[in-house]
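Single-structure report; data block below.
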Amino acid sequence: MKSDSSEPGKVEKTGGVIEDQTTVAPADDPTAAPVTVVDPRLLVREEGFKGYITEFKRKVKGGELGQIPVVLGLIVIWTIFQAKNDLFLSADNLSNISYFMSATGMLAIGLVFVLLLGEIDLSVGSVSGLASTLFAVFVVDHTMNPWLSLVLTILTGVGIGALHGWFFAKIGVPAFVVTLAGFLGWNGLMLWLLGSSGTINIPSDSGPVHLLGQNSFFMDQAIIGAYLLAGLAVVLTAVGNFGEQRRRRAAGVPFRPTTEILLRVGALAVASFLAASVLNNASGVSNALVIFLAALVIVDFVLRRTTYGRKVFAVGGGIEAARRAGINVPMVRITVFAISGGFAAVGGMFFAGQTASATLNAGGGNTLMLAIAAAVIGGTSLFGGRGTVWSALLGMLVIQSIQTGLDLLNMNTSIQYMITGGVLLGAVVIDSISRKSQKAAGRG
């Protein structure tokens, strides 16, 4: 089907799909003959497999690499460590990776929001350590109900983040400075609360601590638990995709073909049930991993499907444009830092669950750097306006795989730091090159 080049924006129907073709003159030569611009999503429907290849090439040339680099990097990392030690891809080791990545991963989820604004939050490590300490003080020193203590702890994290956001959005203090001050100040408060002993042991039977312990599994180690989660993920994905297809068809805009949806759902089903089988060969799916994945799904929905999420991307893409669009920029900034503080507090509870205690090391060391690295390595841009919450999962898989693999090889911690630093630098370089390619293609 050909469009009438004399009628820009003419809409025609082909096979039930609304096709929008617009004629424009090349930007570098206004006198040249106009060319037809077709919504690239329609290539798949009209050209089949060739359409996928064409669309993939278009994205690569335009710098839209998505999650491809990190997935390829993860495959390379797993291949190398498996070749060095055949225990790396064993069920028990993969189970350990999935459990220990959850705590820092929670911090990375909150940081994704901040990075989408093009800002940074240096306080998340200290806030997580303070959160675990506050929980221990509430439960041990004041004999408070553990679940009430959990709520108060998370609200404290949210309040701390909102305070940072207020100084940034209302007073004009750079985010780097105000969160650096928080990094120092909240760490000092944690040390003061811990006292001379430096440790507060939390009863292992305390609700949240027991729930997040390494030996606590979804549905009490029942094999059906892992497969139930895998099946739920597949069903929700299918319902969501077909629902979106129905809405887009009704609205008369391009939609994903049924074949593509089935391929996506099928690929997810294979990956989900394979992961469930591997984890069942170990001890099952840990509660920490289940909560981490649930948080990813919820936050992904908020960022991609709600007005608030679109506002976050808009502010990150351009503050002045967001203001002109009527977005309350200070409100978005304050709430984003509040979200970051809340997830830092939740991450602190995960750390407490791992050790059943609050210690000087909680949230310290390289926790902050690893959380930032996870978000960036996973594909969230440091320059703002581009990224996905799933980058926290992919980035943590990369980092935790490196740490666990080097531990199996008895490598020194210094080697871990150097390799992780190199991977982080590579991710930022790819992001920078991608942005330049997008600008060159007119989409920057």
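For the structure tokens, the naming scheme is as follows: chains receive sequential letters (A, B, ...) according to their order of presentation, residues are indexed from 1 within each chain, and ligands are indexed from 1 in presentation order.
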Exercise. Near Ala356 (chain A), within 9 Å and counting only C-alpha atoms, which residues show up once chain neighbours fewer than 5 positions away are dropped, as a VMD selection string?
Worked result: chain A and resid 200 to 204 209 to 210 213 351
Selected residues written out, C-alpha atoms, as a PDB file, in the first residue's frame:
ATOM      1  CA  ILE A 200      22.550  -5.008  68.346  1.00  0.00           C
ATOM      2  CA  ASN A 201      21.444  -8.601  67.887  1.00  0.00           C
ATOM      3  CA  ILE A 202      17.855  -8.968  66.722  1.00  0.00           C
ATOM      4  CA  PRO A 203      15.852 -12.059  67.772  1.00  0.00           C
ATOM      5  CA  SER A 204      15.739 -14.359  64.759  1.00  0.00           C
ATOM      6  CA  VAL A 209      13.891 -10.555  60.248  1.00  0.00           C
ATOM      7  CA  HIS A 210      12.671 -14.134  60.104  1.00  0.00           C
ATOM      8  CA  GLY A 213      16.412 -14.658  56.554  1.00  0.00           C
ATOM      9  CA  PHE A 351      20.585  -6.492  55.419  1.00  0.00           C
TER      10      PHE A 351
END
Exercise. Got a sec: who's within 7 Å of region 398-404 of chain A, counting only C-alpha atoms, leaving out chain neighbours fewer than 6 positions off, as a list in words?
Worked result: Leu74, Ile97, Met101, Ala374, Gln416 and Thr420 of chain A
Seminar exercise, completed: Val177 (chain A) proximity check over A:Val151, A:Ser123, A:Thr306, A:Leu116, using only C-alpha atoms: winner is A:Ser123
Exercise. Can you tell me, as a list in words, what residues are no more than 10 Å from Ile327 (chain A) when counting only C-alpha atoms, ignoring any on the same chain fewer than 3 positions away?
Worked result: Tyr308, Lys311, Val312, Ala314, Val315, Ile319, Glu320, Ala321, Ala322, Arg323, Arg324, Pro330, Met331 and Val332 of chain A
Selected residues, all heavy atoms, written as a CSV table (one decimal), in the first residue's frame, please.
chain,number,residue,atom,x,y,z
A,308,TYR,N,2.2,9.8,37.3
A,308,TYR,CA,3.3,10.2,38.1
A,308,TYR,C,4.6,9.7,37.4
A,308,TYR,O,5.6,10.5,37.3
A,308,TYR,CB,3.2,9.6,39.5
A,308,TYR,CG,4.5,9.9,40.3
A,308,TYR,CD1,4.7,11.1,40.8
A,308,TYR,CD2,5.4,8.9,40.5
A,308,TYR,CE1,5.9,11.4,41.6
A,308,TYR,CE2,6.6,9.1,41.2
A,308,TYR,CZ,6.8,10.4,41.8
A,308,TYR,OH,7.9,10.6,42.5
A,311,LYS,N,5.6,11.9,34.6
A,311,LYS,CA,6.1,13.2,35.1
A,311,LYS,C,7.6,13.0,35.5
A,311,LYS,O,8.4,13.9,35.2
A,311,LYS,CB,5.3,13.7,36.3
A,311,LYS,CG,3.9,14.2,36.0
A,311,LYS,CD,3.2,14.6,37.2
A,311,LYS,CE,1.8,15.1,36.9
A,311,LYS,NZ,1.0,15.5,38.1
A,312,VAL,N,7.9,11.9,36.1
A,312,VAL,CA,9.3,11.7,36.4
A,312,VAL,C,10.2,11.7,35.2
A,312,VAL,O,11.3,12.3,35.1
A,312,VAL,CB,9.5,10.3,37.2
A,312,VAL,CG1,11.0,10.0,37.4
A,312,VAL,CG2,8.8,10.4,38.5
A,314,ALA,N,9.5,13.1,32.3
A,314,ALA,CA,9.4,14.4,31.7
A,314,ALA,C,10.4,15.4,32.4
A,314,ALA,O,11.1,16.1,31.8
A,314,ALA,CB,8.0,15.0,31.8
A,315,VAL,N,10.4,15.3,33.8
A,315,VAL,CA,11.4,16.2,34.5
A,315,VAL,C,12.8,15.8,34.2
A,315,VAL,O,13.7,16.7,34.0
A,315,VAL,CB,11.1,16.1,36.0
A,315,VAL,CG1,12.2,16.9,36.8
A,315,VAL,CG2,9.7,16.7,36.3
A,319,ILE,N,13.8,20.0,32.4
A,319,ILE,CA,13.1,20.7,33.5
A,319,ILE,C,12.2,21.8,32.9
A,319,ILE,O,11.0,21.9,33.3
A,319,ILE,CB,14.0,21.2,34.5
A,319,ILE,CG1,14.8,20.1,35.2
A,319,ILE,CG2,13.3,22.1,35.6
A,319,ILE,CD1,15.9,20.5,36.1
A,320,GLU,N,12.7,22.6,32.1
A,320,GLU,CA,12.0,23.8,31.6
A,320,GLU,C,10.7,23.3,30.8
A,320,GLU,O,9.6,23.9,30.9
A,320,GLU,CB,12.9,24.7,30.7
A,320,GLU,CG,12.2,26.0,30.3
A,320,GLU,CD,11.7,26.8,31.5
A,320,GLU,OE1,12.4,26.8,32.6
A,320,GLU,OE2,10.7,27.5,31.4
A,321,ALA,N,10.9,22.3,30.0
A,321,ALA,CA,9.8,21.8,29.2
A,321,ALA,C,8.7,21.2,30.1
A,321,ALA,O,7.5,21.3,29.9
A,321,ALA,CB,10.3,20.7,28.2
A,322,ALA,N,9.2,20.5,31.2
A,322,ALA,CA,8.2,20.0,32.2
A,322,ALA,C,7.5,21.1,32.9
A,322,ALA,O,6.2,21.0,33.1
A,322,ALA,CB,9.0,19.1,33.2
A,323,ARG,N,8.1,22.2,33.2
A,323,ARG,CA,7.4,23.3,33.8
A,323,ARG,C,6.4,23.9,32.9
A,323,ARG,O,5.3,24.2,33.3
A,323,ARG,CB,8.4,24.4,34.2
A,323,ARG,CG,9.3,24.1,35.4
A,323,ARG,CD,9.9,25.4,36.0
A,323,ARG,NE,10.7,25.1,37.1
A,323,ARG,CZ,12.1,25.0,37.0
A,323,ARG,NH1,12.7,25.2,35.9
A,323,ARG,NH2,12.8,24.8,38.1
A,324,ARG,N,6.8,24.1,31.6
A,324,ARG,CA,5.8,24.6,30.6
A,324,ARG,C,4.6,23.7,30.4
A,324,ARG,O,3.6,24.2,30.0
A,324,ARG,CB,6.6,24.9,29.3
A,324,ARG,CG,7.6,26.0,29.4
A,324,ARG,CD,8.3,26.1,28.1
A,324,ARG,NE,9.3,27.2,28.2
A,324,ARG,CZ,9.1,28.5,27.9
A,324,ARG,NH1,7.9,28.8,27.5
A,324,ARG,NH2,10.1,29.4,27.9
A,330,PRO,N,9.1,20.8,41.7
A,330,PRO,CA,9.5,20.6,43.1
A,330,PRO,C,8.9,19.4,43.7
A,330,PRO,O,9.5,18.6,44.4
A,330,PRO,CB,9.2,21.9,43.8
A,330,PRO,CG,9.2,22.9,42.7
A,330,PRO,CD,8.6,22.2,41.5
A,331,MET,N,7.6,19.2,43.5
A,331,MET,CA,6.9,18.1,44.0
A,331,MET,C,7.4,16.7,43.5
A,331,MET,O,7.7,15.8,44.3
A,331,MET,CB,5.4,18.1,43.7
A,331,MET,CG,4.5,17.0,44.3
A,331,MET,SD,4.5,15.5,43.3
A,331,MET,CE,3.7,16.0,41.8
A,332,VAL,N,7.7,16.7,42.2
A,332,VAL,CA,8.3,15.5,41.7
A,332,VAL,C,9.6,15.2,42.3
A,332,VAL,O,10.0,14.0,42.7
A,332,VAL,CB,8.4,15.6,40.1
A,332,VAL,CG1,9.2,14.4,39.6
A,332,VAL,CG2,7.0,15.7,39.5
Exercise. Which residues, written as a ChimeraX atom specification, have at least one atom at most 12 Å from Pro208 (chain A), with only C-alpha atoms counted and residues fewer than 6 positions away on the same chain left out?
Worked result: /A:132,135-136,139,145-151,153,202,216,287-288,291,346,348-354,356-357
Print the selection's residues with N, CA, C and O atoms to a file, as a short mmCIF file (atom, residue, chain, number, x, y, z; two decimals), in the first residue's frame.
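Once everything was written out, this is again_23.cif:
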data_model
loop_
_atom_site.label_atom_id
_atom_site.label_comp_id
_atom_site.auth_asym_id
_atom_site.auth_seq_id
_atom_site.Cartn_x
_atom_site.Cartn_y
_atom_site.Cartn_z
N SER A 132 18.18 -0.25 59.68
CA SER A 132 18.34 -1.52 60.40
C SER A 132 18.62 -1.27 61.87
O SER A 132 18.15 -2.02 62.74
N PHE A 135 15.32 -0.22 63.63
CA PHE A 135 14.48 -1.39 63.84
C PHE A 135 14.97 -2.19 65.05
O PHE A 135 14.16 -2.61 65.90
N ALA A 136 16.28 -2.37 65.14
CA ALA A 136 16.84 -3.11 66.27
C ALA A 136 16.57 -2.40 67.60
O ALA A 136 16.23 -3.03 68.60
N VAL A 139 12.81 -2.81 68.53
CA VAL A 139 12.43 -4.17 68.92
C VAL A 139 13.13 -4.62 70.19
O VAL A 139 12.50 -5.17 71.10
N ASN A 145 6.41 -3.94 68.94
CA ASN A 145 5.97 -4.96 67.99
C ASN A 145 6.83 -4.89 66.72
O ASN A 145 7.01 -3.81 66.15
N PRO A 146 7.37 -6.02 66.25
CA PRO A 146 8.28 -5.99 65.09
C PRO A 146 7.65 -5.39 63.84
O PRO A 146 8.33 -4.66 63.10
N TRP A 147 6.38 -5.67 63.59
CA TRP A 147 5.75 -5.16 62.38
C TRP A 147 5.49 -3.67 62.47
O TRP A 147 5.63 -2.94 61.48
N LEU A 148 5.13 -3.19 63.66
CA LEU A 148 5.00 -1.75 63.85
C LEU A 148 6.36 -1.08 63.71
O LEU A 148 6.48 0.00 63.12
N SER A 149 7.38 -1.73 64.22
CA SER A 149 8.74 -1.20 64.09
C SER A 149 9.14 -1.11 62.62
O SER A 149 9.79 -0.14 62.20
N LEU A 150 8.74 -2.11 61.83
CA LEU A 150 9.05 -2.10 60.40
C LEU A 150 8.40 -0.89 59.72
O LEU A 150 9.05 -0.19 58.94
N VAL A 151 7.14 -0.64 60.03
CA VAL A 151 6.42 0.48 59.43
C VAL A 151 7.08 1.80 59.80
O VAL A 151 7.32 2.67 58.94
N THR A 153 10.13 2.28 60.71
CA THR A 153 11.46 2.34 60.10
C THR A 153 11.37 2.81 58.65
O THR A 153 12.14 3.68 58.21
N ILE A 202 19.31 -8.96 66.83
CA ILE A 202 17.85 -8.97 66.72
C ILE A 202 17.37 -10.41 66.84
O ILE A 202 17.92 -11.30 66.17
N SER A 216 14.57 -18.68 54.89
CA SER A 216 13.13 -18.50 54.79
C SER A 216 12.73 -18.49 53.33
O SER A 216 13.26 -17.69 52.54
N ASN A 287 12.17 -15.75 50.30
CA ASN A 287 11.20 -14.67 50.47
C ASN A 287 11.79 -13.33 50.02
O ASN A 287 11.08 -12.48 49.47
N ALA A 288 13.09 -13.16 50.27
CA ALA A 288 13.75 -11.90 49.89
C ALA A 288 13.67 -11.69 48.39
O ALA A 288 13.38 -10.58 47.92
N ILE A 291 10.01 -10.79 47.34
CA ILE A 291 9.67 -9.40 47.65
C ILE A 291 10.39 -8.44 46.70
O ILE A 291 9.81 -7.44 46.23
N VAL A 346 14.01 -0.09 53.28
CA VAL A 346 13.64 -1.48 53.02
C VAL A 346 14.89 -2.33 52.80
O VAL A 346 15.00 -3.45 53.31
N GLY A 348 17.76 -1.77 54.07
CA GLY A 348 18.37 -1.96 55.39
C GLY A 348 17.75 -3.13 56.14
O GLY A 348 18.43 -3.88 56.84
N MET A 349 16.43 -3.32 55.98
CA MET A 349 15.77 -4.46 56.60
C MET A 349 16.24 -5.77 55.99
O MET A 349 16.36 -6.79 56.66
N PHE A 350 16.52 -5.75 54.70
CA PHE A 350 17.05 -6.94 54.05
C PHE A 350 18.43 -7.29 54.62
O PHE A 350 18.74 -8.46 54.86
N PHE A 351 19.27 -6.26 54.82
CA PHE A 351 20.58 -6.49 55.42
C PHE A 351 20.44 -7.07 56.83
O PHE A 351 21.18 -7.96 57.24
N ALA A 352 19.49 -6.52 57.60
CA ALA A 352 19.25 -7.03 58.95
C ALA A 352 18.80 -8.48 58.91
O ALA A 352 19.17 -9.28 59.77
N GLY A 353 17.99 -8.84 57.91
CA GLY A 353 17.54 -10.21 57.77
C GLY A 353 18.68 -11.17 57.46
O GLY A 353 18.65 -12.33 57.88
N GLN A 354 19.69 -10.69 56.75
CA GLN A 354 20.82 -11.55 56.39
C GLN A 354 21.66 -11.91 57.61
O GLN A 354 22.21 -13.02 57.69
N ALA A 356 20.63 -11.05 61.04
CA ALA A 356 19.83 -11.01 62.27
C ALA A 356 20.43 -10.05 63.28
O ALA A 356 20.45 -10.31 64.49
N SER A 357 20.93 -8.93 62.79
CA SER A 357 21.54 -7.93 63.67
C SER A 357 21.69 -6.60 62.94
O SER A 357 21.57 -6.53 61.72
#
Exercise. Do you have the CA of Tyr417 (chain A)-CA of Asp300 (chain A) distance handy?
Worked result: 29.7 Å
